[in-house]
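Notes to accompany the following structure.
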Amino acid sequence: MPADHSLEGVTKLLATSPDPAFVVDRDGRIVYWNRAADAFFGVPADEALGRPCATVVRGLGDAGEIHCTRACPLLARASRDDSYEVAEMQVPIKPRPVGWKRVSVHHVPLEDDGGKLGYVLHVITDSPAGRPRPARSS
């Protein structure tokens, strides 16, 4: 990962990544969506960009509770904390909304143009917890 944790540096790195990845701004709107996210979620970048992450990703906890919300605590922390975090959740996958998959979502705060923490990178990887669990749709 680039040493500066800038949005530009990270998105260049993720453009050809096989892992689904996206970046949201402090308002929770998607500002970057890579090709792997396109294929994984079944949502093209032109439909994801500018929309609230919570309405596109729609992550759920193991009991089917809504995990992704517009009041995301990770976004609130991003402006004052540069810590790395991993969350386990279930997300709808292609074809939507039929398939659900348990994944690990890695969150890393990124710097804005002024050098302040203003974005959150999300990278989706297979969950170490194993098999997908059924989720209740919302």
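Ordered as shown in the structure tokens, chains take letters A, B, and onward, while each chain numbers its residues from 1 and ligands are numbered from 1 in the order shown.
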
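The neighbours of Val86 in chain A here are the residues that come within 8 Å of it, using only C-alpha atoms and leaving out any residue fewer than 2 positions away in the same chain; they are Tyr84, Glu88, Ser104, Val105, His106 and His107 of chain A.
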
Can those selected residues be exported to a file as a PDB file, in the first residue's frame so that it contains N, CA and C atoms?
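Below is the file out32.pdb, written as the result:
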ATOM      1  N   TYR A  84      -6.860   0.454  11.413  1.00  0.00           N
ATOM      2  CA  TYR A  84      -7.328  -0.562  10.478  1.00  0.00           C
ATOM      3  C   TYR A  84      -8.341  -1.439  11.208  1.00  0.00           C
ATOM      4  N   GLU A  88     -16.821  -8.816   9.988  1.00  0.00           N
ATOM      5  CA  GLU A  88     -17.446  -9.950   9.317  1.00  0.00           C
ATOM      6  C   GLU A  88     -18.892  -9.570   9.036  1.00  0.00           C
ATOM      7  N   SER A 104     -15.222 -11.003   4.860  1.00  0.00           N
ATOM      8  CA  SER A 104     -14.514 -10.076   5.732  1.00  0.00           C
ATOM      9  C   SER A 104     -14.399  -8.769   4.968  1.00  0.00           C
ATOM     10  N   VAL A 105     -14.712  -7.676   5.638  1.00  0.00           N
ATOM     11  CA  VAL A 105     -14.588  -6.363   5.025  1.00  0.00           C
ATOM     12  C   VAL A 105     -13.494  -5.619   5.781  1.00  0.00           C
ATOM     13  N   HIS A 106     -12.400  -5.339   5.087  1.00  0.00           N
ATOM     14  CA  HIS A 106     -11.256  -4.645   5.669  1.00  0.00           C
ATOM     15  C   HIS A 106     -11.446  -3.153   5.435  1.00  0.00           C
ATOM     16  N   HIS A 107     -11.340  -2.370   6.496  1.00  0.00           N
ATOM     17  CA  HIS A 107     -11.554  -0.922   6.432  1.00  0.00           C
ATOM     18  C   HIS A 107     -10.256  -0.199   6.762  1.00  0.00           C
TER      19      HIS A 107
END

| request: List every residue of range 3-124 of chain A that DSSP, applied to the backbone of this structure, places in helix (DSSP H, G or I), and write the result as an MDAnalysis selection string. | output: chainID A and resid 7:14 35:41 45:48 53:57 73:78

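You will find CA of Asp25 in chain A at 12.1 Å from CA of Asp113 in chain A.
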
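If only C-alpha atoms are the atoms counted, then among A:Cys68, A:Val24, A:Thr55, A:Thr11 the closest residue to Pro109 in chain A is A:Val24.
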
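Here CA of Arg35 in chain A is placed at a distance of 12.2 Å from CA of Lys12 in chain A.
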